[in-house]
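**Q** Handing over entry.txt, compact mmCIF, C-alpha atoms.
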# COMPACT_ATOMS: atom_id res chain seq x y z
CA MET A 1 10.94 -20.12 12.92
CA THR A 2 10.28 -21.31 9.35
CA ALA A 3 13.40 -19.93 7.64
CA GLN A 4 16.51 -22.11 7.67
CA THR A 5 19.87 -20.83 8.92
CA SER A 6 21.25 -21.08 5.39
CA ASP A 7 18.44 -18.85 4.11
CA ILE A 8 19.18 -16.25 6.77
CA GLU A 9 22.86 -16.26 5.82
CA LYS A 10 21.95 -15.86 2.13
CA ALA A 11 19.69 -12.95 2.99
CA ALA A 12 22.49 -11.25 4.94
CA VAL A 13 24.78 -11.62 1.92
CA VAL A 14 22.14 -10.03 -0.31
CA LEU A 15 21.84 -7.07 2.06
CA ARG A 16 25.62 -6.56 2.14
CA ALA A 17 25.65 -6.56 -1.67
CA GLY A 18 23.07 -3.78 -1.81
CA GLY A 19 20.08 -6.01 -2.53
CA LEU A 20 16.56 -6.04 -1.15
CA VAL A 21 15.31 -8.73 1.24
CA ALA A 22 11.70 -9.25 2.31
CA PHE A 23 11.55 -10.59 5.84
CA PRO A 24 8.89 -11.27 8.48
CA THR A 25 8.30 -9.26 11.61
CA GLU A 26 5.60 -9.74 14.21
CA THR A 27 3.60 -6.94 12.52
CA VAL A 28 3.89 -7.33 8.72
CA TYR A 29 6.56 -8.38 6.21
CA GLY A 30 9.17 -5.71 5.55
CA LEU A 31 11.15 -4.85 2.41
CA GLY A 32 14.65 -4.44 3.77
CA ALA A 33 17.87 -2.79 2.65
CA ASN A 34 21.17 -1.94 4.30
CA ALA A 35 20.27 1.18 6.28
CA GLU A 36 23.70 2.72 5.59
CA ASP A 37 23.59 2.22 1.81
CA PRO A 38 21.82 5.21 0.16
CA ALA A 39 21.58 3.44 -3.22
CA ALA A 40 19.96 0.35 -1.70
CA VAL A 41 17.57 2.48 0.35
CA SER A 42 16.60 4.44 -2.77
CA ARG A 43 15.77 1.19 -4.53
CA ILE A 44 13.11 0.46 -1.89
CA PHE A 45 11.24 3.56 -3.04
CA GLN A 46 11.54 2.51 -6.67
CA VAL A 47 10.23 -1.03 -6.09
CA LYS A 48 7.33 0.13 -3.91
CA GLY A 49 6.49 3.20 -6.00
CA ARG A 50 6.79 5.15 -2.76
CA PRO A 51 7.40 8.94 -2.73
CA PRO A 52 10.97 9.61 -1.54
CA SER A 53 9.65 12.14 1.00
CA HIS A 54 8.03 9.34 3.03
CA PRO A 55 10.45 8.20 5.76
CA LEU A 56 11.28 4.56 6.46
CA ILE A 57 11.84 2.61 9.68
CA VAL A 58 15.31 1.40 10.64
CA HIS A 59 15.17 -2.04 12.28
CA LEU A 60 17.81 -2.82 14.90
CA GLY A 61 18.87 -6.06 16.55
CA GLY A 62 18.54 -4.78 20.12
CA ALA A 63 17.81 -1.75 22.28
CA GLU A 64 21.49 -1.55 23.23
CA LEU A 65 22.21 -0.39 19.66
CA LEU A 66 20.00 2.69 19.91
CA ASP A 67 22.83 5.14 20.62
CA ASP A 68 24.67 3.96 17.50
CA TRP A 69 21.85 5.21 15.27
CA VAL A 70 20.24 8.22 16.95
CA GLU A 71 21.19 11.35 18.87
CA ASP A 72 19.84 12.77 22.11
CA VAL A 73 17.84 9.83 23.47
CA PRO A 74 15.44 11.15 26.14
CA ALA A 75 14.81 9.15 29.30
CA THR A 76 11.23 8.53 28.19
CA ALA A 77 12.46 6.90 24.97
CA ARG A 78 14.80 4.61 26.91
CA LEU A 79 11.94 3.68 29.23
CA LEU A 80 9.69 2.77 26.31
CA ALA A 81 12.46 0.78 24.62
CA GLU A 82 13.12 -1.10 27.86
CA HIS A 83 9.48 -2.11 28.21
CA PHE A 84 8.40 -2.70 24.61
CA TRP A 85 11.46 -3.85 22.64
CA PRO A 86 11.59 -6.27 20.99
CA GLY A 87 8.04 -5.46 19.95
CA PRO A 88 5.66 -3.49 17.71
CA LEU A 89 6.75 -0.02 18.84
CA THR A 90 8.60 2.49 16.66
CA LEU A 91 10.30 5.52 18.22
CA VAL A 92 10.96 8.72 16.28
CA LEU A 93 14.21 10.30 17.48
CA ARG A 94 16.97 12.61 16.25
CA ARG A 95 18.87 11.11 13.32
CA GLY A 96 22.39 9.84 13.99
CA HIS A 97 25.22 10.16 11.46
CA ARG A 98 24.90 6.54 10.31
CA VAL A 99 21.41 7.11 8.90
CA PRO A 100 21.36 8.59 5.38
CA LEU A 101 18.78 11.23 4.54
CA GLU A 102 17.39 8.86 1.90
CA ALA A 103 15.99 6.76 4.75
CA THR A 104 14.38 9.69 6.56
CA GLY A 105 12.67 11.47 3.70
CA GLY A 106 15.15 14.31 4.16
CA LEU A 107 14.20 14.81 7.81
CA GLN A 108 16.56 15.14 10.75
CA THR A 109 14.54 12.55 12.64
CA VAL A 110 14.58 8.78 12.16
CA ALA A 111 12.08 6.06 13.05
CA VAL A 112 13.66 3.03 14.76
CA ARG A 113 12.44 -0.21 16.28
CA VAL A 114 13.51 -3.70 17.37
CA PRO A 115 11.19 -6.34 15.84
CA ASP A 116 9.87 -9.23 17.91
CA HIS A 117 10.28 -12.08 15.43
CA PRO A 118 12.96 -14.79 15.56
CA VAL A 119 13.64 -14.67 11.81
CA ALA A 120 13.97 -10.88 11.79
CA LEU A 121 16.27 -10.90 14.81
CA ALA A 122 18.38 -13.71 13.33
CA LEU A 123 18.71 -11.74 10.08
CA LEU A 124 19.73 -8.58 11.92
CA ALA A 125 22.32 -10.54 13.93
CA ALA A 126 23.73 -12.23 10.81
CA PHE A 127 23.84 -8.95 8.89
CA GLY A 128 25.37 -7.04 11.77
CA GLY A 129 23.80 -3.67 11.04
CA GLY A 130 20.57 -1.74 10.71
CA VAL A 131 18.00 -2.69 8.10
CA THR A 132 15.70 -0.03 6.67
CA ALA A 133 12.32 -1.54 5.88
CA PRO A 134 8.80 -0.37 5.10
CA SER A 135 6.07 -2.94 4.46
CA ALA A 136 6.82 -5.20 1.49
CA ASN A 137 3.99 -4.08 -0.78
CA ARG A 138 3.19 -1.43 -3.38
CA PHE A 139 2.83 2.01 -1.87
CA GLY A 140 -0.62 2.61 -0.39
CA GLN A 141 -1.78 -0.97 -0.86
CA VAL A 142 -2.63 -3.68 1.69
CA SER A 143 0.38 -4.69 3.78
CA PRO A 144 1.61 -8.31 3.45
CA THR A 145 1.34 -10.72 6.37
CA THR A 146 2.70 -13.83 4.60
CA ALA A 147 5.63 -14.51 2.27
CA HIS A 148 3.10 -15.46 -0.42
CA HIS A 149 1.61 -11.95 -0.28
CA VAL A 150 5.08 -10.48 -0.89
CA ARG A 151 5.88 -12.70 -3.86
CA ALA A 152 2.47 -12.13 -5.43
CA GLU A 153 2.73 -8.34 -5.20
CA LEU A 154 6.41 -7.50 -5.68
CA GLY A 155 7.67 -10.48 -7.70
CA ASP A 156 11.18 -10.01 -9.07
CA GLY A 157 11.48 -6.61 -7.40
CA VAL A 158 12.69 -8.46 -4.30
CA ASP A 159 16.08 -10.19 -4.46
CA PHE A 160 15.35 -12.63 -1.63
CA VAL A 161 12.27 -13.54 0.44
CA LEU A 162 12.67 -15.01 3.92
CA ASP A 163 9.59 -17.04 4.86
CA GLY A 164 8.88 -16.84 8.57
CA GLY A 165 5.24 -17.89 8.44
CA PRO A 166 2.20 -15.65 9.05
CA CYS A 167 2.71 -12.49 11.09
CA GLN A 168 1.26 -12.73 14.57
CA VAL A 169 0.23 -9.09 15.18
CA GLY A 170 -0.90 -8.35 11.63
CA VAL A 171 -0.96 -4.54 11.76
CA GLU A 172 1.98 -2.17 11.74
CA SER A 173 3.85 -0.92 14.79
CA THR A 174 2.70 1.96 16.93
CA ILE A 175 4.78 5.04 16.12
CA VAL A 176 5.65 7.40 18.98
CA ASP A 177 7.33 10.79 18.57
CA ALA A 178 9.88 10.71 21.40
CA THR A 179 11.82 13.85 20.40
CA GLY A 180 10.10 16.14 22.92
CA GLU A 181 9.61 16.14 26.65
CA ILE A 182 6.20 14.46 26.36
CA PRO A 183 5.89 11.70 23.74
CA SER A 184 2.89 11.58 21.40
CA ILE A 185 1.41 8.81 19.25
CA LEU A 186 1.73 9.44 15.53
CA ARG A 187 0.28 6.10 14.39
CA PRO A 188 -1.74 3.60 16.47
CA GLY A 189 -0.60 0.01 16.13
CA GLY A 190 0.57 -3.12 17.87
CA VAL A 191 1.25 -1.46 21.26
CA THR A 192 -1.85 0.13 22.72
CA ARG A 193 -2.14 3.68 23.99
CA GLU A 194 -3.20 2.30 27.37
CA ASP A 195 -0.03 0.21 27.67
CA LEU A 196 2.16 3.18 26.77
CA GLU A 197 0.41 5.44 29.27
CA ALA A 198 0.75 2.82 32.00
CA VAL A 199 4.54 2.78 31.54
CA LEU A 200 4.98 6.54 31.21
CA GLY A 201 2.49 7.47 33.91
CA CYS A 202 0.91 10.24 31.84
CA PRO A 203 -1.75 10.63 29.13
CA LEU A 204 -0.64 10.62 25.50
CA THR A 205 -2.01 12.58 22.56
CA VAL A 206 -2.82 10.71 19.34
CA HIS A 207 -2.20 12.77 16.19
CA SER A 208 -3.98 11.83 12.95
CA THR A 209 -1.65 14.25 11.19
CA SER A 210 1.67 15.62 12.35
CA PRO A 211 4.49 17.91 11.17
CA VAL A 212 6.73 14.88 11.73
CA ARG A 213 6.20 12.72 8.64
CA VAL A 214 5.87 9.01 9.43
CA PRO A 215 4.77 5.86 7.57
CA GLY A 216 1.04 5.33 7.17
CA GLN A 217 -0.05 9.00 7.17
CA HIS A 218 -0.97 9.15 3.47
CA PRO A 219 -4.68 10.07 3.03
CA SER A 220 -5.31 6.70 1.35
CA HIS A 221 -3.25 3.88 2.78
CA TYR A 222 -3.51 0.15 3.55
CA ALA A 223 -5.97 0.05 0.64
CA PRO A 224 -7.19 -2.94 -1.39
CA ARG A 225 -8.04 -2.55 -5.08
CA ALA A 226 -11.74 -2.51 -4.17
CA ARG A 227 -13.29 0.70 -2.87
CA VAL A 228 -13.88 0.57 0.88
CA VAL A 229 -16.98 2.10 2.47
CA LEU A 230 -17.38 2.29 6.24
CA VAL A 231 -20.78 2.33 7.92
CA GLU A 232 -22.18 1.82 11.40
CA PRO A 233 -22.55 -1.89 12.29
CA GLU A 234 -26.36 -1.86 12.12
CA LYS A 235 -26.24 -0.47 8.55
CA VAL A 236 -23.76 -2.95 7.06
CA ILE A 237 -26.26 -5.41 5.59
CA ALA A 238 -28.57 -2.76 4.14
CA GLU A 239 -25.67 -0.85 2.56
CA ALA A 240 -24.14 -4.03 1.13
CA GLU A 241 -27.41 -5.20 -0.40
CA ARG A 242 -28.14 -1.74 -1.82
CA ALA A 243 -24.73 -1.66 -3.51
CA GLN A 244 -25.18 -5.22 -4.80
CA GLU A 245 -28.54 -4.23 -6.38
CA LEU A 246 -26.78 -1.32 -8.09
CA GLY A 247 -24.50 -3.79 -9.87
CA HIS A 248 -21.42 -3.83 -7.63
CA GLN A 249 -19.54 -6.99 -6.76
CA VAL A 250 -19.80 -6.42 -3.02
CA GLY A 251 -17.59 -7.85 -0.34
CA VAL A 252 -18.66 -7.51 3.29
CA LEU A 253 -16.65 -7.40 6.50
CA LEU A 254 -19.46 -8.46 8.80
CA PRO A 255 -19.33 -7.77 12.55
CA PRO A 256 -19.58 -10.89 14.74
CA SER A 257 -22.91 -9.69 16.15
CA LEU A 258 -24.43 -10.30 12.69
CA ALA A 259 -22.65 -13.57 11.98
CA ASP A 260 -25.89 -15.55 11.50
CA ALA A 261 -27.70 -12.92 9.45
CA PRO A 262 -28.26 -13.64 5.75
CA VAL A 263 -26.53 -11.17 3.43
CA LYS A 264 -27.07 -10.78 -0.31
CA ALA A 265 -23.52 -10.01 -1.43
CA HIS A 266 -20.80 -11.40 -3.65
CA ALA A 267 -18.55 -12.40 -0.73
CA VAL A 268 -18.87 -12.21 3.05
CA VAL A 269 -16.19 -12.42 5.75
CA THR A 270 -17.31 -12.46 9.37
CA VAL A 271 -14.59 -10.75 11.39
CA PRO A 272 -13.44 -12.08 14.77
CA GLY A 273 -14.83 -10.64 17.97
CA SER A 274 -11.38 -10.32 19.52
CA PRO A 275 -9.60 -7.07 18.54
CA ALA A 276 -6.25 -8.91 18.47
CA ALA A 277 -7.62 -11.60 16.14
CA TYR A 278 -9.27 -8.96 13.95
CA ALA A 279 -6.00 -7.03 13.69
CA ARG A 280 -4.07 -10.21 12.85
CA GLY A 281 -6.49 -11.08 10.05
CA LEU A 282 -7.47 -7.64 8.72
CA TYR A 283 -5.09 -7.41 5.77
CA GLY A 284 -5.73 -11.03 4.85
CA PHE A 285 -9.48 -10.35 4.79
CA LEU A 286 -9.02 -7.36 2.47
CA ARG A 287 -6.78 -9.39 0.16
CA GLU A 288 -9.29 -12.26 0.12
CA LEU A 289 -12.09 -9.94 -1.00
CA ASP A 290 -9.82 -8.49 -3.70
CA GLN A 291 -9.03 -12.00 -4.91
CA GLN A 292 -12.76 -12.70 -5.16
CA ARG A 293 -12.95 -9.73 -7.54
CA CYS A 294 -15.05 -7.50 -5.33
CA ASP A 295 -15.10 -3.90 -6.52
CA LEU A 296 -16.61 -2.53 -3.31
CA ILE A 297 -16.10 -3.58 0.30
CA VAL A 298 -18.62 -2.61 2.96
CA ALA A 299 -17.19 -2.76 6.47
CA SER A 300 -18.54 -1.84 9.87
CA LEU A 301 -16.53 0.80 11.67
CA PRO A 302 -15.04 -0.94 14.72
CA VAL A 303 -14.92 0.72 18.09
CA GLU A 304 -11.82 2.78 18.69
CA GLU A 305 -9.22 0.68 20.45
CA GLY A 306 -5.49 0.55 20.85
CA LEU A 307 -4.48 -1.68 17.96
CA GLY A 308 -5.48 0.84 15.30
CA ILE A 309 -7.99 -1.25 13.32
CA ALA A 310 -10.34 1.70 12.85
CA ASN A 311 -7.40 3.89 11.81
CA ARG A 312 -6.37 1.44 9.11
CA LEU A 313 -9.90 0.99 7.78
CA ARG A 314 -10.25 4.76 7.53
CA ARG A 315 -6.97 4.95 5.62
CA ALA A 316 -8.14 2.12 3.35
CA ALA A 317 -11.34 4.02 2.65
CA GLY A 318 -9.41 7.23 1.98
CA PRO A 319 -11.64 10.25 1.32
CA ARG A 320 -14.66 7.95 0.80
CA LEU A 321 -15.08 7.38 4.50
CA THR A 322 -18.74 6.48 4.93
CA ALA A 323 -21.79 5.78 2.86
Could I get this file's structure written as structure tokens?
**A**
Amino acid sequence: MTAQTSDIEKAAVVLRAGGLVAFPTETVYGLGANAEDPAAVSRIFQVKGRPPSHPLIVHLGGAELLDDWVEDVPATARLLAEHFWPGPLTLVLRRGHRVPLEATGGLQTVAVRVPDHPVALALLAAFGGGVTAPSANRFGQVSPTTAHHVRAELGDGVDFVLDGGPCQVGVESTIVDATGEIPSILRPGGVTREDLEAVLGCPLTVHSTSPVRVPGQHPSHYAPRARVVLVEPEKVIAEAERAQELGHQVGVLLPPSLADAPVKAHAVVTVPGSPAAYARGLYGFLRELDQQRCDLIVASLPVEEGLGIANRLRRAAGPRLTA
């Protein structure tokens, strides 16, 4: 844990005063406010440039606090909380009276989770309440996985930044709608579908869109400044070189199978073969190519797997999915 105890105490004071604190979780850095302070929650939307209709996640210090913040907790939700909290799983449940509508986008449901990071848990314990926090970046842009990313993007918009080192999961939490009899996945993330199904003992549906609004469902999300184009792995080099010849400053996310192949491009990042390592580094890779002033990023579409890498690359590409 990088942050000092004194820093955690200062951050708790800032939250109590209605300020915004950026803090690390195992997934990405969050931009936190007192979950029971409508004015502080509203400021999150202002700093991020986020539409107020997009709900936020309330972070809690432990699963035992769930009944203080939500209503009608189904047995399946308790089972998932027991197995995956602390961890990168967010549950959508009926809103309790402590949660203002500003935090839910006006919905009667609320997204809640218990983060698995010592700094985040220490902050929640010191603060003594729930902390509403989306990712600590401009709306729709690449999520931050280091304190440096937060400072570079949000600057003075954040009152205090807790540095807990690089995030270990690197992509956002899995979001599960647990309001009905059978849960469904609204956003793939740090807990895989297979792990969820193993605990519940039944197959789960994954919704790319849903009547329940949740973070990360915007048509263009997790996006760098550069345009992202997704192609099949065997077409990456040809597409990158074609775009480079047309005058683009091309960045390439190269699959490990082509690691030794020469590529005529402005910048090349060979992605890890491990899905977990790829997820952990994905946002850093996109930021690196932005910093190298690429205006177009060619990436191979990874195989579908539980950590949601393909989902995030599709969101980064937005409507320009493939070449």
**Q** Any idea what's packed within 8 Å of Ala12 (chain A), counting all atoms listed in the file, ignoring anything in its chain fewer than 6 positions away? Could you give it as a list in words?
**A** Leu123, Leu124, Ala126 and Phe127 of chain A
**Q** I'd like the interatomic distance between CA of Ser6 (chain A) and CA of Val169 (chain A), to a tenth of an Å.
**A**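 Separating CA of Ser6 (chain A) from CA of Val169 (chain A) is a distance of 26.1 Å.
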**Q** Here is a test: counting only C-alpha atoms, which residue of A:Ala125, A:Val99, A:Val271, A:Val199 is nearest to Arg78 (chain A)?
**A**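 Using only C-alpha atoms, the shortest distance to Arg78 (chain A) belongs to A:Val199.
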**Q** Do you have the CA of Ile297 (chain A)-CA of Ala310 (chain A) distance handy?
**A**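 Separation of CA of Ile297 (chain A) and CA of Ala310 (chain A): 14.8 Å.
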**Q** As an exercise, work out the distance from CA of Val298 (chain A) to CA of Ala226 (chain A) in Å and give it to one decimal place.
**A**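 According to the coordinates, CA of Val298 (chain A) and CA of Ala226 (chain A) are separated by 9.9 Å.
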**Q** Looking at A:Pro302, A:Gly157, A:Gly128, A:Gly96, which one is nearest to Gly19 (chain A), with distances taken over all atoms listed in the file?
**A**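 For Gly19 (chain A), the nearest of the given residues is A:Gly157.
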